[in-house]
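The block underneath contains the structure these notes are about, expressed in structure tokens.
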Amino acid sequence: MTMATHEIRMTVNGAPHQLRVESRLLLVHLLRENLRLTGTHIGCDTTHCGACTVLLDGEPVKSCTVLAVQADGAEIATVEGLEQNGKLHPIQEAFWDKHGLQCGYCTPGMMMTGYALLARDKQPSETDIREAISGNLCRCTGYSNIVKAIQSAAERLRQQ
Ligand code: FES
Ligand code: FES
């Protein structure tokens, strides 16, 4: 049986892409396998862990739960797009400084969720941060340093 394929276009971290994909291809697999952007992790494949979080037109989505064809025409941002001209984004610096990670598996998703939160709220409360990351699971840190990292990133961004 031949699988239906579709021509789709999307921008990923500012770069335009045109791809022919199977109907069933998930966005996370397109990013990791077709585009080799392996910073987006797969932790569960069942919409639980948030390791696969990317931004779709600015909104955080779990890319294991989005079909590639649903992203046709969209702007996608992944963790690889945070660094600009060799300089880490403030949210990356903050995770580094505040030790917001241990194994690092959840970190790309945490940073993309934090990035989206700070894009809409420059001064989130601790509760706002904890609510924002409630769909992102971390098995290592106990979350405290992740919350501190996002608070620190908010401060850095306010000073820019
Ligand atoms: S891999 Fe997508 S939510 Fe876990
Ligand atoms: S740092 Fe290990 S899962 Fe979060």
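The way I read the labels, and the way they are meant: chains A, B, ... in the order of the structure tokens, residue 1 as the first residue of every chain, and ligand 1 as the first ligand shown, with later ones counted on from there.
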
| request: Considering only C-alpha atoms, return as a ChimeraX atom specification whatever protein or nucleic-acid residues lie within 12 Å of range 81-85 of chain A, sequence-local ones (same chain, fewer than 2 positions apart) excluded. | output: /A:11-15,37,39-40,54-55,75-79,87-93,108,111-112,114-116

Selection file, N, CA, C and O atoms, as an mmCIF file, in the first residue's frame:
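To be explicit, this is the file written out as again-v6.cif:
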data_model
loop_
_atom_site.group_PDB
_atom_site.id
_atom_site.type_symbol
_atom_site.label_atom_id
_atom_site.label_comp_id
_atom_site.auth_asym_id
_atom_site.auth_seq_id
_atom_site.Cartn_x
_atom_site.Cartn_y
_atom_site.Cartn_z
ATOM 1 N N THR A 11 8.494 27.518 8.085
ATOM 2 C CA THR A 11 9.733 28.190 8.452
ATOM 3 C C THR A 11 10.176 27.605 9.774
ATOM 4 O O THR A 11 9.382 27.509 10.707
ATOM 5 N N VAL A 12 11.428 27.178 9.848
ATOM 6 C CA VAL A 12 11.950 26.627 11.096
ATOM 7 C C VAL A 12 13.147 27.466 11.518
ATOM 8 O O VAL A 12 14.139 27.553 10.781
ATOM 9 N N ASN A 13 13.020 28.108 12.662
ATOM 10 C CA ASN A 13 14.067 29.014 13.158
ATOM 11 C C ASN A 13 14.471 30.028 12.090
ATOM 12 O O ASN A 13 15.655 30.330 11.894
ATOM 13 N N GLY A 14 13.460 30.511 11.369
ATOM 14 C CA GLY A 14 13.689 31.572 10.387
ATOM 15 C C GLY A 14 14.058 31.077 8.999
ATOM 16 O O GLY A 14 14.079 31.866 8.052
ATOM 17 N N ALA A 15 14.350 29.777 8.867
ATOM 18 C CA ALA A 15 14.752 29.257 7.550
ATOM 19 C C ALA A 15 13.552 28.583 6.869
ATOM 20 O O ALA A 15 12.893 27.744 7.491
ATOM 21 N N LEU A 37 17.299 18.332 13.479
ATOM 22 C CA LEU A 37 17.291 19.238 14.635
ATOM 23 C C LEU A 37 16.974 18.395 15.866
ATOM 24 O O LEU A 37 15.829 18.313 16.329
ATOM 25 N N GLY A 39 17.801 18.699 18.925
ATOM 26 C CA GLY A 39 17.641 19.347 20.233
ATOM 27 C C GLY A 39 16.243 19.143 20.790
ATOM 28 O O GLY A 39 16.038 19.200 21.999
ATOM 29 N N THR A 40 15.268 18.933 19.932
ATOM 30 C CA THR A 40 13.902 18.638 20.377
ATOM 31 C C THR A 40 13.853 17.157 20.736
ATOM 32 O O THR A 40 14.092 16.302 19.884
ATOM 33 N N VAL A 54 7.940 22.634 21.158
ATOM 34 C CA VAL A 54 8.467 23.663 20.242
ATOM 35 C C VAL A 54 7.390 24.743 20.151
ATOM 36 O O VAL A 54 6.281 24.571 20.647
ATOM 37 N N LEU A 55 7.713 25.846 19.516
ATOM 38 C CA LEU A 55 6.709 26.885 19.318
ATOM 39 C C LEU A 55 6.156 26.793 17.902
ATOM 40 O O LEU A 55 6.926 26.686 16.940
ATOM 41 N N GLU A 75 5.195 28.988 11.351
ATOM 42 C CA GLU A 75 6.554 29.309 11.793
ATOM 43 C C GLU A 75 6.836 28.465 13.012
ATOM 44 O O GLU A 75 6.118 28.541 14.008
ATOM 45 N N ILE A 76 7.894 27.686 12.938
ATOM 46 C CA ILE A 76 8.271 26.811 14.048
ATOM 47 C C ILE A 76 9.562 27.351 14.659
ATOM 48 O O ILE A 76 10.472 27.771 13.940
ATOM 49 N N ALA A 77 9.609 27.329 15.973
ATOM 50 C CA ALA A 77 10.861 27.685 16.663
ATOM 51 C C ALA A 77 11.261 26.506 17.544
ATOM 52 O O ALA A 77 10.431 25.955 18.278
ATOM 53 N N THR A 78 12.518 26.110 17.443
ATOM 54 C CA THR A 78 13.045 25.026 18.274
ATOM 55 C C THR A 78 14.189 25.570 19.123
ATOM 56 O O THR A 78 14.660 26.696 18.908
ATOM 57 N N VAL A 79 14.669 24.737 20.019
ATOM 58 C CA VAL A 79 15.740 25.173 20.921
ATOM 59 C C VAL A 79 16.981 25.629 20.156
ATOM 60 O O VAL A 79 17.706 26.526 20.611
ATOM 61 N N LYS A 87 25.713 33.743 20.437
ATOM 62 C CA LYS A 87 25.436 34.209 21.801
ATOM 63 C C LYS A 87 24.192 33.488 22.320
ATOM 64 O O LYS A 87 23.151 33.470 21.662
ATOM 65 N N LEU A 88 24.334 32.930 23.517
ATOM 66 C CA LEU A 88 23.189 32.234 24.112
ATOM 67 C C LEU A 88 22.070 33.223 24.392
ATOM 68 O O LEU A 88 22.316 34.389 24.726
ATOM 69 N N HIS A 89 20.840 32.747 24.281
ATOM 70 C CA HIS A 89 19.671 33.548 24.661
ATOM 71 C C HIS A 89 19.661 33.664 26.191
ATOM 72 O O HIS A 89 20.127 32.756 26.901
ATOM 73 N N PRO A 90 19.120 34.778 26.721
ATOM 74 C CA PRO A 90 19.059 34.921 28.187
ATOM 75 C C PRO A 90 18.432 33.726 28.898
ATOM 76 O O PRO A 90 18.849 33.391 30.018
ATOM 77 N N ILE A 91 17.495 33.062 28.268
ATOM 78 C CA ILE A 91 16.892 31.911 28.978
ATOM 79 C C ILE A 91 17.899 30.761 29.054
ATOM 80 O O ILE A 91 17.938 30.022 30.044
ATOM 81 N N GLN A 92 18.755 30.639 28.051
ATOM 82 C CA GLN A 92 19.791 29.605 28.109
ATOM 83 C C GLN A 92 20.837 29.964 29.168
ATOM 84 O O GLN A 92 21.270 29.105 29.949
ATOM 85 N N GLU A 93 21.228 31.250 29.195
ATOM 86 C CA GLU A 93 22.204 31.679 30.208
ATOM 87 C C GLU A 93 21.641 31.453 31.609
ATOM 88 O O GLU A 93 22.351 31.038 32.524
ATOM 89 N N PRO A 108 15.352 21.331 26.719
ATOM 90 C CA PRO A 108 14.881 22.069 25.540
ATOM 91 C C PRO A 108 13.403 22.438 25.638
ATOM 92 O O PRO A 108 13.017 23.572 25.327
ATOM 93 N N MET A 111 12.886 25.180 28.253
ATOM 94 C CA MET A 111 13.316 26.502 27.792
ATOM 95 C C MET A 111 12.333 27.068 26.768
ATOM 96 O O MET A 111 12.037 28.270 26.796
ATOM 97 N N MET A 112 11.795 26.233 25.891
ATOM 98 C CA MET A 112 10.846 26.754 24.906
ATOM 99 C C MET A 112 9.542 27.182 25.579
ATOM 100 O O MET A 112 8.938 28.198 25.215
ATOM 101 N N GLY A 114 9.347 28.221 28.728
ATOM 102 C CA GLY A 114 9.704 29.456 29.441
ATOM 103 C C GLY A 114 9.808 30.643 28.495
ATOM 104 O O GLY A 114 9.336 31.742 28.794
ATOM 105 N N TYR A 115 10.389 30.411 27.346
ATOM 106 C CA TYR A 115 10.539 31.466 26.332
ATOM 107 C C TYR A 115 9.156 31.994 25.932
ATOM 108 O O TYR A 115 8.938 33.210 25.851
ATOM 109 N N ALA A 116 8.218 31.086 25.686
ATOM 110 C CA ALA A 116 6.866 31.504 25.273
ATOM 111 C C ALA A 116 6.174 32.269 26.394
ATOM 112 O O ALA A 116 5.488 33.265 26.156
#

| request: Please identify which residues in range 92-127 of chain A DSSP calls helix (DSSP H, G or I) from the backbone, and express them as a VMD selection string. | output: chain A and resid 92 to 97 107 to 120 126 to 127

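Across the model, the gap from CA of Tyr105 in chain A to CA of Cys52 in chain A is 9.9 Å.
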
| message | Counting only C-alpha atoms and all ligand atoms, what are the residues, protein, DNA or RNA alike, that approach ligand 2 to within 12 Å? I want them as a ChimeraX atom specification. | response | /A:41-44,49-51,95-96,99-111,133,136-146

| field | Nearest to ligand 1, chosen from A:Ser23, A:Thr38, A:Gln18, A:Thr65, with only C-alpha atoms and all ligand atoms counted in the distances | value |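 Smallest distance to ligand 1 is found for A:Thr65.
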
| Residue nearest ligand 1 - candidates A:Leu30, A:Cys64, A:Met10, A:Ile150, atoms counted: only C-alpha atoms and all ligand atoms | A:Cys64

| So which one's closest to ligand 1, A:Ala71, A:Ile129, A:Ala154, A:Val66? Using only C-alpha atoms and all ligand atoms, please. | A:Val66

| Residue among A:His48, A:His17, A:Arg24, A:Lys62 lying closest to Ala74 in chain A, counting only C-alpha atoms | A:His17

| Looking at A:Ser134, A:Arg36, A:Glu126, A:Asp97, which one is nearest to ligand 1, with distances taken over only C-alpha atoms and all ligand atoms? |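 Looking at the shortest contact to ligand 1, the residue is A:Ser134.
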
| Separation of CA of Gly73 in chain A from CA of Leu31 in chain A in Å |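 Atom-to-atom, CA of Leu31 in chain A and CA of Gly73 in chain A are spaced 14.9 Å apart.
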